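Worksheet for the structure shown next.
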Amino acid sequence: MFYEDNHLLVLYKPAGLIMQRGPADKANLMDLAKVWIKARYDKPGRVFAGMVHRLDGPVAGVVALARTSKAASRLSAQFREGGITKTYLAVVQGRPPQTSGRLVHQLVREGRLSRVAAPDRGQGQTASLTYRQVGGGENQSLLEVTLETGRRHQIRAQLAAMGCPIRGDRSYGAREALPEGRIALLAVRLVLTHPTRGLALTFESPWPREWPWPYPDGEGQRPLWTLDAYRRHGLVLPERAAWEAL
């Protein structure tokens, strides 16, 4: 956990944990957060937690949740109006054509994925981001990506369209999968305004253990990359009945 008060909860989401309730046998961040709030504060009855943005299941990193409906409304407005800065790290195949730049594409939904449409077709939604190369290695690069819009699978689709698919992201052209379905995309920084106090807050995630790029600050305290890794280290998740009762 990065931050918690009466209105805001900021967490680390490991890769492999979905955001909200889906398949019957899978844990999800929203319900687990409610179970934690209920236990921490011994709350009777139903517990509120509002999802104001999301990370894809295979992506790890910083996530903000609202603890009140007022906070949910105000945070959602910040995301919608571009008042929040979301920065990611991506380990990609190859090297970008330039060491920094801005990508603008039209994205079209195709089932569970997104694809880049031809610019003259008038299809889809405009997606834009900026990137800069912060590391280079043999056959791979480390990119820092800042979103300007918030489209589905935007970073994954746009970097692939540039010729640099994210490592492990077979859905968008990566040569090989990574274990446990992870992809090398990390939501590393989130900058927002507190929904009731008006303070600018910045939250940063350390690179998780086993991240496929050398950590610049040594070992230190670092989260585990995937939900399965936490399970291997003894994490026991609540039974589904615990969150279905919320």
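Residue numbering restarts at 1 for every chain of the structure tokens, chains are lettered A, B, ... in their displayed order, and ligands are numbered from 1 as they appear.
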Show me, as CSV, the residues of stretch 131-218 of chain A having an atom within 8 Å of stretch 14-21 of chain A, each with the closest atom pair and its distance in Å, using only C-alpha atoms.
```
residue,atom,partner,partner_atom,distance
A:Glu180,CA,A:Gly16,CA,7.5
A:Gly181,CA,A:Gly16,CA,7.1
A:Arg182,CA,A:Ala15,CA,5.9
A:Ile183,CA,A:Ala15,CA,7.9
```
Closest atom pairs, residues of stretch 147-223 of chain A within 9 Å of stretch 41-60 of chain A, only C-alpha atoms, as CSV:
```
residue,atom,partner,partner_atom,distance
A:Gly150,CA,A:His53,CA,9.0
A:Arg152,CA,A:Asp56,CA,8.7
A:His153,CA,A:Asp56,CA,7.6
A:Asp169,CA,A:Pro58,CA,8.8
A:Glu180,CA,A:Pro58,CA,8.8
A:Gly181,CA,A:Pro58,CA,6.3
A:Arg182,CA,A:Pro58,CA,4.8
A:Ile183,CA,A:Pro58,CA,5.7
A:Ala184,CA,A:Val59,CA,7.4
A:Leu185,CA,A:Val59,CA,5.6
A:Leu186,CA,A:Ala60,CA,5.1
A:Ala187,CA,A:Ala60,CA,6.2
A:Val188,CA,A:Ala60,CA,8.6
A:Pro208,CA,A:Ala60,CA,8.4
```
Run DSSP on the backbone and grab whatever in stretch 96-228 of chain A lands in helix (DSSP H, G or I); send it over as a PyMOL selection string.
chain A and resi 119-121+154-161+170-172+179-181+227-228
Can you spit out the residues from that selection as a PDB file, in the first residue's frame, using C-alpha atoms?
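What landed in result-v5.pdb:
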```
ATOM      1  CA  PRO A 119      -5.599   7.423 -40.250  1.00  0.00           C
ATOM      2  CA  ASP A 120      -7.709   8.139 -43.338  1.00  0.00           C
ATOM      3  CA  ARG A 121     -10.502   5.701 -42.437  1.00  0.00           C
ATOM      4  CA  GLN A 154      -3.380   1.963 -25.613  1.00  0.00           C
ATOM      5  CA  ILE A 155       0.280   1.577 -24.663  1.00  0.00           C
ATOM      6  CA  ARG A 156       0.364  -2.043 -25.770  1.00  0.00           C
ATOM      7  CA  ALA A 157      -1.154  -1.304 -29.186  1.00  0.00           C
ATOM      8  CA  GLN A 158       0.747   1.910 -29.887  1.00  0.00           C
ATOM      9  CA  LEU A 159       4.201   0.615 -28.971  1.00  0.00           C
ATOM     10  CA  ALA A 160       3.551  -2.470 -31.089  1.00  0.00           C
ATOM     11  CA  ALA A 161       2.537  -0.225 -34.001  1.00  0.00           C
ATOM     12  CA  ARG A 170       1.945 -12.073 -27.387  1.00  0.00           C
ATOM     13  CA  SER A 171      -1.454 -10.490 -28.084  1.00  0.00           C
ATOM     14  CA  TYR A 172       0.369  -7.518 -29.641  1.00  0.00           C
ATOM     15  CA  PRO A 179       5.891 -16.884 -17.291  1.00  0.00           C
ATOM     16  CA  GLU A 180       2.516 -16.571 -15.549  1.00  0.00           C
ATOM     17  CA  GLY A 181       1.061 -14.416 -18.329  1.00  0.00           C
ATOM     18  CA  LEU A 227      -0.017 -12.618  -7.887  1.00  0.00           C
ATOM     19  CA  ASP A 228       1.322 -16.154  -8.297  1.00  0.00           C
TER      20      ASP A 228
END
```
Contact residues around A:Ser205 with only C-alpha atoms at 7 Å, ignoring same-chain residues under 6 positions, as a ChimeraX atom specification: /A:61-62,188-189
| field | Shell around A:Thr202 at 7 Å using only C-alpha atoms, local window under 2 positions removed, as a ChimeraX atom specification | value | /A:190-192,200,204
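One distance worth recording is that between atom CA of A:Val116 and atom CA of A:Trp225, which is 28.8 Å.
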Contacts of stretch 139-144 of chain A within 9 Å, only C-alpha atoms, excl. fewer than 3 positions in-chain, as a ChimeraX atom specification:
/A:87-96,99-100,130-136,164,167,213
Report the distance between atom CA of A:Met162 and atom CA of A:Trp211 in Å, rounded to one decimal place.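 Interatomic distance here is 22.6 Å.
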**Message:** Give me, as a PyMOL selection string, all polymer residues having an atom no more than 12 Å from A:Gly198, counting only C-alpha atoms and skipping those fewer than 2 positions away in the same chain.
**Reply:** chain A and resi 71+74-75+78+192-196+200-201
Between atom CA of A:Lys13 and atom CA of A:Val63, distance in Å (one decimal):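 Value for the atom CA of A:Lys13-atom CA of A:Val63 distance: 6.6 Å.
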Judged by only C-alpha atoms, the minimum distance to A:Asp5 among A:Arg109, A:Arg197, A:Arg151, A:Lys26 is found for A:Arg197
I'd like the neighbourhood of A:Leu129 as a PDB file with N, CA and C atoms, in the first residue's frame, where a residue qualifies if any of its atoms comes within 9 Å (using only C-alpha atoms), though same-chain residues fewer than 6 positions away should be ignored.
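Final file, part05.pdb:
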```pdb
ATOM      1  N   GLY A 101       9.639  10.720 -28.422  1.00  0.00           N
ATOM      2  CA  GLY A 101       8.664  11.140 -29.414  1.00  0.00           C
ATOM      3  C   GLY A 101       7.247  11.089 -28.866  1.00  0.00           C
ATOM      4  N   ARG A 102       6.330  11.412 -29.735  1.00  0.00           N
ATOM      5  CA  ARG A 102       4.893  11.403 -29.406  1.00  0.00           C
ATOM      6  C   ARG A 102       4.194  10.533 -30.438  1.00  0.00           C
ATOM      7  N   LEU A 103       3.355   9.633 -29.973  1.00  0.00           N
ATOM      8  CA  LEU A 103       2.602   8.742 -30.852  1.00  0.00           C
ATOM      9  C   LEU A 103       1.124   9.115 -30.816  1.00  0.00           C
ATOM     10  N   VAL A 104       0.537   9.244 -31.986  1.00  0.00           N
ATOM     11  CA  VAL A 104      -0.897   9.511 -32.103  1.00  0.00           C
ATOM     12  C   VAL A 104      -1.481   8.520 -33.099  1.00  0.00           C
ATOM     13  N   VAL A 145       6.874   5.917 -20.548  1.00  0.00           N
ATOM     14  CA  VAL A 145       5.704   6.304 -21.345  1.00  0.00           C
ATOM     15  C   VAL A 145       4.756   7.118 -20.474  1.00  0.00           C
ATOM     16  N   THR A 146       4.307   8.257 -20.989  1.00  0.00           N
ATOM     17  CA  THR A 146       3.312   9.074 -20.301  1.00  0.00           C
ATOM     18  C   THR A 146       2.060   9.161 -21.167  1.00  0.00           C
ATOM     19  N   LEU A 147       0.943   8.781 -20.595  1.00  0.00           N
ATOM     20  CA  LEU A 147      -0.304   8.777 -21.339  1.00  0.00           C
ATOM     21  C   LEU A 147      -0.887  10.182 -21.440  1.00  0.00           C
ATOM     22  N   GLU A 148      -1.438  10.490 -22.610  1.00  0.00           N
ATOM     23  CA  GLU A 148      -2.211  11.716 -22.796  1.00  0.00           C
ATOM     24  C   GLU A 148      -3.698  11.402 -22.882  1.00  0.00           C
ATOM     25  N   THR A 149      -4.031  10.182 -23.278  1.00  0.00           N
ATOM     26  CA  THR A 149      -5.413   9.712 -23.302  1.00  0.00           C
ATOM     27  C   THR A 149      -5.459   8.364 -22.582  1.00  0.00           C
ATOM     28  N   GLN A 154      -3.995   0.926 -24.781  1.00  0.00           N
ATOM     29  CA  GLN A 154      -3.380   1.963 -25.613  1.00  0.00           C
ATOM     30  C   GLN A 154      -1.871   1.797 -25.733  1.00  0.00           C
ATOM     31  N   ILE A 155      -1.183   1.675 -24.608  1.00  0.00           N
ATOM     32  CA  ILE A 155       0.280   1.577 -24.663  1.00  0.00           C
ATOM     33  C   ILE A 155       0.688   0.324 -25.420  1.00  0.00           C
ATOM     34  N   GLN A 158      -0.031   0.857 -29.240  1.00  0.00           N
ATOM     35  CA  GLN A 158       0.747   1.910 -29.887  1.00  0.00           C
ATOM     36  C   GLN A 158       2.236   1.578 -29.960  1.00  0.00           C
TER      37      GLN A 158
END
```
> Hey, what does DSSP flag as strand (DSSP E) within stretch 42-197 of chain A? Can you give it to me as an MDAnalysis selection string?
Replying inline: chainID A and resid 50:51 60:66 85:93 100:110 113:117 125:137 140:147 185:193
Rank A:Leu235, A:Ala177, A:Asn6, A:Leu65 by their smallest atom-to-atom distance to A:Asp31, using only C-alpha atoms, and report the top residue only.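 Selected residue with least distance to A:Asp31: A:Leu65.
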